[in-house]
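Text of coords.txt (compact mmCIF, C-alpha atoms and all ligand atoms) as supplied:
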# COMPACT_ATOMS: atom_id res chain seq x y z
CA MET B 96 4.04 -18.82 -2.87
CA ALA B 97 1.74 -18.31 0.04
CA ILE B 98 -1.30 -16.26 0.93
CA LEU B 99 -0.53 -14.14 3.99
CA PRO B 100 -3.13 -12.89 6.49
CA ILE B 101 -3.86 -9.16 6.03
CA LEU B 102 -4.02 -7.06 9.21
CA VAL B 103 -7.11 -4.92 9.74
CA ALA B 104 -7.13 -1.58 11.62
CA PRO B 105 -6.83 -0.90 14.48
CA ASP B 106 -3.62 -2.93 14.82
CA PRO B 107 -0.44 -1.39 16.25
CA ARG B 108 1.65 -3.06 13.52
CA LEU B 109 -0.13 -0.88 10.94
CA LYS B 110 1.00 2.23 12.84
CA THR B 111 4.69 1.27 13.11
CA PRO B 112 7.24 2.72 10.63
CA ALA B 113 8.94 -0.09 8.66
CA LYS B 114 12.68 -0.73 8.46
CA ALA B 115 14.76 -0.36 5.29
CA VAL B 116 15.75 -3.48 3.37
CA GLU B 117 19.53 -3.96 3.18
CA ASN B 118 19.52 -6.10 0.07
CA VAL B 119 16.81 -7.56 -2.09
CA ASP B 120 17.79 -11.19 -1.60
CA ALA B 121 15.90 -14.46 -1.98
CA GLU B 122 13.99 -13.89 1.27
CA ILE B 123 12.76 -10.44 0.15
CA ARG B 124 11.90 -11.78 -3.32
CA GLN B 125 9.82 -14.50 -1.67
CA LEU B 126 8.08 -11.87 0.47
CA MET B 127 7.34 -9.80 -2.66
CA ASP B 128 5.87 -12.83 -4.46
CA ASP B 129 3.79 -13.84 -1.43
CA MET B 130 2.51 -10.27 -1.11
CA LEU B 131 1.53 -10.19 -4.79
CA GLU B 132 -0.35 -13.47 -4.47
CA THR B 133 -2.07 -12.17 -1.33
CA MET B 134 -2.97 -8.89 -3.05
CA TYR B 135 -4.39 -10.59 -6.17
CA GLN B 136 -6.43 -12.97 -4.04
CA ALA B 137 -7.90 -10.03 -2.09
CA ASN B 138 -8.63 -8.11 -5.34
CA GLY B 139 -6.33 -5.31 -4.26
CA ILE B 140 -4.16 -3.09 -6.47
CA GLY B 141 -1.43 -2.53 -3.87
CA LEU B 142 -0.08 -4.01 -0.66
CA ALA B 143 2.64 -2.95 1.80
CA ALA B 144 4.63 -5.35 3.98
CA PRO B 145 3.34 -3.89 7.31
CA GLN B 146 -0.15 -4.96 6.21
CA VAL B 147 0.99 -8.58 6.44
CA GLY B 148 2.79 -7.93 9.74
CA VAL B 149 6.29 -7.60 8.22
CA SER B 150 8.07 -4.40 9.27
CA LYS B 151 10.10 -3.97 6.06
CA ARG B 152 10.03 -1.25 3.41
CA VAL B 153 8.54 -3.42 0.68
CA ILE B 154 5.47 -2.71 -1.46
CA VAL B 155 3.81 -4.44 -4.41
CA ILE B 156 1.41 -2.89 -6.91
CA ASP B 157 -0.56 -3.92 -9.97
CA VAL B 158 -3.01 -1.36 -11.34
CA ALA B 159 -3.73 -3.27 -14.58
CA ARG B 160 -7.47 -3.59 -15.21
CA ASP B 161 -9.16 -6.97 -15.50
CA ASP B 162 -9.03 -6.81 -19.30
CA GLU B 163 -5.29 -6.02 -19.33
CA GLU B 164 -2.19 -8.17 -18.87
CA PRO B 165 -1.00 -8.29 -15.24
CA ASN B 166 1.74 -5.72 -14.58
CA PRO B 167 3.19 -6.48 -11.14
CA LEU B 168 5.58 -3.97 -9.56
CA ARG B 169 7.87 -5.06 -6.72
CA MET B 170 9.59 -2.28 -4.79
CA ALA B 171 11.94 -2.13 -1.82
CA ASN B 172 12.94 1.10 -0.03
CA PRO B 173 10.80 3.33 -2.29
CA GLU B 174 11.51 7.07 -2.00
CA ILE B 175 9.71 9.98 -3.59
CA VAL B 176 12.36 12.02 -5.40
CA TRP B 177 9.92 14.46 -7.02
CA ALA B 178 6.26 15.36 -6.52
CA SER B 179 4.10 17.65 -8.66
CA GLU B 180 2.85 20.89 -7.13
CA THR B 181 -0.64 20.14 -8.39
CA GLU B 182 -2.75 17.92 -6.18
CA GLN B 183 -5.92 15.98 -6.79
CA LEU B 184 -8.71 14.53 -4.71
CA HIS B 185 -9.39 10.85 -5.33
CA GLU B 186 -11.40 8.17 -3.55
CA GLU B 187 -9.24 5.56 -1.80
CA GLY B 188 -9.82 2.28 -0.07
CA CYS B 189 -7.45 -0.09 1.73
CA LEU B 190 -7.32 -3.84 2.37
CA SER B 191 -6.63 -2.99 6.04
CA LEU B 192 -9.80 -0.83 6.23
CA PRO B 193 -12.23 -3.19 4.48
CA GLU B 194 -15.21 -1.62 2.72
CA GLN B 195 -14.28 1.91 3.81
CA PHE B 196 -13.66 4.64 1.25
CA ALA B 197 -12.87 8.35 1.40
CA GLU B 198 -11.44 11.09 -0.78
CA VAL B 199 -7.78 11.91 -0.14
CA MET B 200 -5.77 14.86 -1.51
CA ARG B 201 -2.34 13.95 -2.94
CA PRO B 202 0.15 15.21 -5.55
CA THR B 203 -1.06 14.40 -9.08
CA ALA B 204 2.28 12.85 -10.12
CA VAL B 205 5.41 11.57 -8.37
CA ARG B 206 8.77 10.10 -9.30
CA VAL B 207 9.79 7.18 -7.11
CA ARG B 208 13.27 5.66 -6.71
CA TYR B 209 13.39 2.08 -5.44
CA LEU B 210 15.18 -1.25 -5.54
CA ASP B 211 13.53 -3.80 -7.81
CA HIS B 212 13.33 -7.55 -7.23
CA GLU B 213 16.84 -7.94 -8.67
CA ASN B 214 18.29 -5.36 -6.26
CA GLU B 215 18.68 -2.83 -9.10
CA ILE B 216 17.99 0.87 -8.49
CA ARG B 217 15.10 2.05 -10.65
CA GLU B 218 12.93 5.12 -11.06
CA LEU B 219 9.27 5.22 -11.89
CA ASP B 220 7.17 8.18 -13.00
CA ALA B 221 3.68 7.58 -11.68
CA ASP B 222 0.46 9.49 -12.17
CA GLU B 223 -3.26 8.70 -12.28
CA MET B 224 -4.15 5.45 -10.46
CA LEU B 225 -0.51 4.30 -10.25
CA GLY B 226 0.54 7.63 -8.71
CA ILE B 227 -2.19 7.44 -6.08
CA CYS B 228 -1.49 3.79 -5.34
CA VAL B 229 2.27 4.15 -4.91
CA GLN B 230 1.78 7.10 -2.52
CA HIS B 231 -0.84 5.16 -0.56
CA GLU B 232 1.43 2.10 -0.23
CA MET B 233 4.45 4.22 0.73
CA ASP B 234 2.34 5.80 3.48
CA HIS B 235 1.92 2.32 4.99
CA LEU B 236 5.73 2.15 5.39
CA GLU B 237 5.48 5.19 7.70
CA GLY B 238 2.60 3.71 9.67
CA THR B 239 0.13 6.04 7.95
CA LEU B 240 -3.31 4.92 6.75
CA PHE B 241 -5.42 6.86 4.27
CA VAL B 242 -7.78 7.82 7.11
CA ASP B 243 -4.87 9.69 8.73
CA HIS B 244 -5.20 12.23 5.88
CA LEU B 245 -8.82 12.95 6.89
CA SER B 246 -10.28 15.13 9.63
CA THR B 247 -10.46 13.55 13.09
CA LEU B 248 -14.23 13.46 12.76
CA LYS B 249 -14.19 11.52 9.48
CA ARG B 250 -11.39 9.22 10.64
CA ASN B 251 -13.21 8.29 13.85
CA MET B 252 -16.40 7.67 11.92
CA ILE B 253 -14.64 5.14 9.68
CA LEU B 254 -12.79 3.45 12.55
CA ARG B 255 -16.03 3.13 14.54
CA LYS B 256 -17.77 1.55 11.54
CA LEU B 257 -14.91 -0.96 11.26
CA GLN B 258 -15.11 -1.88 14.94
CA LYS B 259 -18.86 -2.37 14.65
CA ALA B 260 -18.40 -4.63 11.61
CA ARG B 261 -15.76 -6.61 13.46
CA ARG B 262 -17.95 -7.19 16.53
CA GLY B 263 -20.54 -8.75 14.27
CA GLN B 264 -18.06 -11.36 13.06
CA PRO B 265 -16.52 -14.39 14.70
CA ALA B 266 -13.01 -13.74 15.96
CA THR B 267 -10.31 -14.32 13.34
CA VAL B 268 -6.85 -15.54 14.22
NI NI E 301 -3.73 0.41 2.09
Can the structure from this file be put into structure tokens for me?
Amino acid sequence: MAILPILVAPDPRLKTPAKAVENVDAEIRQLMDDMLETMYQANGIGLAAPQVGVSKRVIVIDVARDDEEPNPLRMANPEIVWASETEQLHEEGCLSLPEQFAEVMRPTAVRVRYLDHENEIRELDADEMLGICVQHEMDHLEGTLFVDHLSTLKRNMILRKLQKARRGQPATV
């Protein structure tokens, strides 16, 4: 297992659509495990491969609260096969937009088809926090960040704040 560096916006790799995984093999399983370790260490509830600079359609999620057993989800090639007509507004953050939060409108519930870590096709019905998280992570596979759902004005405000914060810090490799 390894902790991977998480890319912070603006970075062109965060805006690039990721490529489908052919097979969930040992290499992809390793990537999934490394991503989970990276996510837990950053106190995140979801992470997509483009956020660690890997252009593959892989996401990991764990929305279990601190007082619950860990419940890691490993997904390759996730697809939304159904989305509710009802939508809800919920505050989101992102490890690639540190300390920035905004309300995003999304379907209340979705059904997702994906390949699990054993290369088996599975379906997941997701609502509440899990539903929001899986949609947010799947957006990353298209090169979409949560700020891309906001008005240009709000998006630019957040991106400017990030740039300001970054200038105040020593360069990271
Ligand atoms: Ni994110």
Could you give me, as an mmCIF file with C-alpha atoms, keeping the file's coordinate frame, the residues within 7 Å of Pro173 in chain B, counting only C-alpha atoms and dropping anything in the same chain fewer than 4 positions from it?
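To be explicit, this is the file written out as out.cif:
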data_model
loop_
_atom_site.group_PDB
_atom_site.id
_atom_site.type_symbol
_atom_site.label_atom_id
_atom_site.label_comp_id
_atom_site.auth_asym_id
_atom_site.auth_seq_id
_atom_site.Cartn_x
_atom_site.Cartn_y
_atom_site.Cartn_z
ATOM 1 C CA VAL B 207 9.790 7.180 -7.110
ATOM 2 C CA ARG B 208 13.270 5.660 -6.710
ATOM 3 C CA TYR B 209 13.390 2.080 -5.440
#
Notebook entry, point to check: Could you name the residues that touch range 249-264 of chain B at 9 Å or less, counting all atoms listed in the file, but leaving out those on the same chain fewer than 4 positions away, as a PyMOL selection string?
Noted result: chain B and resi 103-105+192-197+242-245
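Using all atoms listed in the file for every distance, the candidate list B:Pro202, B:Pro165, B:Gly226, B:Pro100 yields B:Pro100 as the residue closest to Gln146 in chain B.
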Practice problem: Output the neighbourhood of ligand NI 301 (chain E) as a count of residues only, that is, all protein and nucleic acid residues with some atom at most 6 Å from the ligand, counting all atoms listed in the file. | Solution: 4
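Distances here use all atoms listed in the file; by that measure, the residue among B:Val176, B:Ile123, B:Val155, B:Ala144 closest to Leu109 in chain B is B:Ala144.
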Exercise. Find the spatial neighbours of Asn138 in chain B, counting all atoms listed in the file, within a cut-off of 12 Å - ignore same-chain residues fewer than 3 positions away - and output them as a PyMOL selection string.
Key: chain B and resi 131-135+141-142+156-161+188-190+193
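Our summary of the geometry notes that CA of Val119 in chain B is positioned 16.8 Å from CA of Pro145 in chain B.
For the pair CA of Ser150 in chain B and CA of Glu213 in chain B, the interatomic distance is 20.3 Å.
One finds CA of Glu180 in chain B at 27.9 Å from CA of Gly139 in chain B.
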Around the point (0.3, 15.0, -4.3) (coordinates from the file), which residues reach within 9 Å if we count all atoms listed in the file? Answer as a VMD selection string. chain B and resid 178 to 183 200 to 205 226 to 227 230
The residue from B:Leu236, B:Ile175, B:Val229, B:Met96 with the smallest atom-to-atom distance to Arg152 in chain B, counting all atoms listed in the file, is B:Leu236
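Across B:Leu184, B:Ile140, B:Ala121, B:Val199, the tightest approach to Ser246 in chain B is made by B:Val199 when counting all atoms listed in the file.
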- How would you write as an MDAnalysis selection string the residues that get within 7 Å of (4.9, -14.5, 0.3) in the file's frame, counting all atoms listed in the file? chainID B and resid 96:99 125:130
- Query: Which residues, written as a VMD selection string, have at least one atom at most 10 Å from Pro107 in chain B, with all atoms listed in the file counted and residues fewer than 4 positions away on the same chain left out?
  - Reply: chain B and resid 102 to 103 111 148 238
Range 202-213 of chain B rebuilt with all heavy atoms, output as a PDB file, in the frame of the given file:
ATOM      1  N   PRO B 202      -0.450  14.728  -4.301  1.00  0.00           N
ATOM      2  CA  PRO B 202       0.150  15.210  -5.550  1.00  0.00           C
ATOM      3  C   PRO B 202      -0.328  14.374  -6.739  1.00  0.00           C
ATOM      4  O   PRO B 202      -0.488  13.151  -6.622  1.00  0.00           O
ATOM      5  CB  PRO B 202       1.649  15.030  -5.315  1.00  0.00           C
ATOM      6  CG  PRO B 202       1.809  15.149  -3.830  1.00  0.00           C
ATOM      7  CD  PRO B 202       0.564  14.505  -3.253  1.00  0.00           C
ATOM      8  N   THR B 203      -0.542  15.055  -7.876  1.00  0.00           N
ATOM      9  CA  THR B 203      -1.060  14.400  -9.080  1.00  0.00           C
ATOM     10  C   THR B 203      -0.055  13.403  -9.654  1.00  0.00           C
ATOM     11  O   THR B 203      -0.443  12.390 -10.224  1.00  0.00           O
ATOM     12  CB  THR B 203      -1.355  15.476 -10.146  1.00  0.00           C
ATOM     13  OG1 THR B 203      -2.074  16.533  -9.516  1.00  0.00           O
ATOM     14  CG2 THR B 203      -2.163  14.922 -11.293  1.00  0.00           C
ATOM     15  N   ALA B 204       1.243  13.720  -9.540  1.00  0.00           N
ATOM     16  CA  ALA B 204       2.280  12.850 -10.120  1.00  0.00           C
ATOM     17  C   ALA B 204       3.487  12.836  -9.195  1.00  0.00           C
ATOM     18  O   ALA B 204       3.769  13.826  -8.506  1.00  0.00           O
ATOM     19  CB  ALA B 204       2.682  13.368 -11.489  1.00  0.00           C
ATOM     20  N   VAL B 205       4.186  11.698  -9.167  1.00  0.00           N
ATOM     21  CA  VAL B 205       5.410  11.570  -8.370  1.00  0.00           C
ATOM     22  C   VAL B 205       6.445  10.762  -9.146  1.00  0.00           C
ATOM     23  O   VAL B 205       6.094   9.993 -10.047  1.00  0.00           O
ATOM     24  CB  VAL B 205       5.154  10.841  -7.008  1.00  0.00           C
ATOM     25  CG1 VAL B 205       4.358  11.713  -6.057  1.00  0.00           C
ATOM     26  CG2 VAL B 205       4.474   9.483  -7.200  1.00  0.00           C
ATOM     27  N   ARG B 206       7.706  10.985  -8.805  1.00  0.00           N
ATOM     28  CA  ARG B 206       8.770  10.100  -9.300  1.00  0.00           C
ATOM     29  C   ARG B 206       9.318   9.352  -8.096  1.00  0.00           C
ATOM     30  O   ARG B 206       9.639   9.960  -7.067  1.00  0.00           O
ATOM     31  CB  ARG B 206       9.879  10.915  -9.977  1.00  0.00           C
ATOM     32  CG  ARG B 206      11.018  10.024 -10.498  1.00  0.00           C
ATOM     33  CD  ARG B 206      11.978  10.804 -11.380  1.00  0.00           C
ATOM     34  NE  ARG B 206      11.241  11.400 -12.474  1.00  0.00           N
ATOM     35  CZ  ARG B 206      11.454  12.643 -12.945  1.00  0.00           C
ATOM     36  NH1 ARG B 206      12.404  13.385 -12.425  1.00  0.00           N
ATOM     37  NH2 ARG B 206      10.730  13.123 -13.938  1.00  0.00           N
ATOM     38  N   VAL B 207       9.405   8.037  -8.227  1.00  0.00           N
ATOM     39  CA  VAL B 207       9.790   7.180  -7.110  1.00  0.00           C
ATOM     40  C   VAL B 207      11.076   6.432  -7.466  1.00  0.00           C
ATOM     41  O   VAL B 207      11.195   5.894  -8.569  1.00  0.00           O
ATOM     42  CB  VAL B 207       8.676   6.149  -6.808  1.00  0.00           C
ATOM     43  CG1 VAL B 207       9.066   5.258  -5.639  1.00  0.00           C
ATOM     44  CG2 VAL B 207       7.363   6.855  -6.506  1.00  0.00           C
ATOM     45  N   ARG B 208      12.032   6.452  -6.546  1.00  0.00           N
ATOM     46  CA  ARG B 208      13.270   5.660  -6.710  1.00  0.00           C
ATOM     47  C   ARG B 208      13.170   4.458  -5.778  1.00  0.00           C
ATOM     48  O   ARG B 208      12.741   4.609  -4.628  1.00  0.00           O
ATOM     49  CB  ARG B 208      14.484   6.522  -6.374  1.00  0.00           C
ATOM     50  CG  ARG B 208      15.808   5.832  -6.656  1.00  0.00           C
ATOM     51  CD  ARG B 208      16.968   6.774  -6.401  1.00  0.00           C
ATOM     52  NE  ARG B 208      16.906   7.911  -7.316  1.00  0.00           N
ATOM     53  CZ  ARG B 208      17.442   9.127  -7.047  1.00  0.00           C
ATOM     54  NH1 ARG B 208      18.042   9.346  -5.905  1.00  0.00           N
ATOM     55  NH2 ARG B 208      17.337  10.102  -7.920  1.00  0.00           N
ATOM     56  N   TYR B 209      13.553   3.295  -6.257  1.00  0.00           N
ATOM     57  CA  TYR B 209      13.390   2.080  -5.440  1.00  0.00           C
ATOM     58  C   TYR B 209      14.360   1.003  -5.901  1.00  0.00           C
ATOM     59  O   TYR B 209      15.012   1.138  -6.950  1.00  0.00           O
ATOM     60  CB  TYR B 209      11.947   1.573  -5.555  1.00  0.00           C
ATOM     61  CG  TYR B 209      11.534   1.143  -6.951  1.00  0.00           C
ATOM     62  CD1 TYR B 209      11.529  -0.209  -7.316  1.00  0.00           C
ATOM     63  CD2 TYR B 209      11.142   2.086  -7.903  1.00  0.00           C
ATOM     64  CE1 TYR B 209      11.150  -0.608  -8.594  1.00  0.00           C
ATOM     65  CE2 TYR B 209      10.768   1.690  -9.180  1.00  0.00           C
ATOM     66  CZ  TYR B 209      10.768   0.339  -9.516  1.00  0.00           C
ATOM     67  OH  TYR B 209      10.401  -0.048 -10.791  1.00  0.00           O
ATOM     68  N   LEU B 210      14.431  -0.059  -5.130  1.00  0.00           N
ATOM     69  CA  LEU B 210      15.180  -1.250  -5.540  1.00  0.00           C
ATOM     70  C   LEU B 210      14.165  -2.253  -6.083  1.00  0.00           C
ATOM     71  O   LEU B 210      13.147  -2.515  -5.440  1.00  0.00           O
ATOM     72  CB  LEU B 210      15.880  -1.887  -4.332  1.00  0.00           C
ATOM     73  CG  LEU B 210      17.115  -1.170  -3.783  1.00  0.00           C
ATOM     74  CD1 LEU B 210      17.580  -1.863  -2.498  1.00  0.00           C
ATOM     75  CD2 LEU B 210      18.243  -1.182  -4.819  1.00  0.00           C
ATOM     76  N   ASP B 211      14.460  -2.815  -7.255  1.00  0.00           N
ATOM     77  CA  ASP B 211      13.530  -3.800  -7.810  1.00  0.00           C
ATOM     78  C   ASP B 211      13.852  -5.200  -7.257  1.00  0.00           C
ATOM     79  O   ASP B 211      14.726  -5.353  -6.390  1.00  0.00           O
ATOM     80  CB  ASP B 211      13.506  -3.738  -9.336  1.00  0.00           C
ATOM     81  CG  ASP B 211      14.774  -4.311  -9.976  1.00  0.00           C
ATOM     82  OD1 ASP B 211      15.648  -4.835  -9.245  1.00  0.00           O
ATOM     83  OD2 ASP B 211      14.883  -4.239 -11.219  1.00  0.00           O
ATOM     84  N   HIS B 212      13.162  -6.202  -7.782  1.00  0.00           N
ATOM     85  CA  HIS B 212      13.330  -7.550  -7.230  1.00  0.00           C
ATOM     86  C   HIS B 212      14.703  -8.146  -7.536  1.00  0.00           C
ATOM     87  O   HIS B 212      15.061  -9.186  -7.009  1.00  0.00           O
ATOM     88  CB  HIS B 212      12.201  -8.471  -7.711  1.00  0.00           C
ATOM     89  CG  HIS B 212      12.142  -8.620  -9.193  1.00  0.00           C
ATOM     90  ND1 HIS B 212      11.774  -7.584 -10.019  1.00  0.00           N
ATOM     91  CD2 HIS B 212      12.416  -9.673 -10.004  1.00  0.00           C
ATOM     92  CE1 HIS B 212      11.819  -7.993 -11.282  1.00  0.00           C
ATOM     93  NE2 HIS B 212      12.208  -9.260 -11.299  1.00  0.00           N
ATOM     94  N   GLU B 213      15.467  -7.473  -8.408  1.00  0.00           N
ATOM     95  CA  GLU B 213      16.840  -7.940  -8.670  1.00  0.00           C
ATOM     96  C   GLU B 213      17.875  -7.046  -7.990  1.00  0.00           C
ATOM     97  O   GLU B 213      19.054  -7.086  -8.347  1.00  0.00           O
ATOM     98  CB  GLU B 213      17.073  -8.022 -10.176  1.00  0.00           C
ATOM     99  CG  GLU B 213      16.262  -9.167 -10.764  1.00  0.00           C
ATOM    100  CD  GLU B 213      16.299  -9.216 -12.278  1.00  0.00           C
ATOM    101  OE1 GLU B 213      16.320  -8.128 -12.909  1.00  0.00           O
ATOM    102  OE2 GLU B 213      16.301 -10.330 -12.809  1.00  0.00           O
TER     103      GLU B 213
END
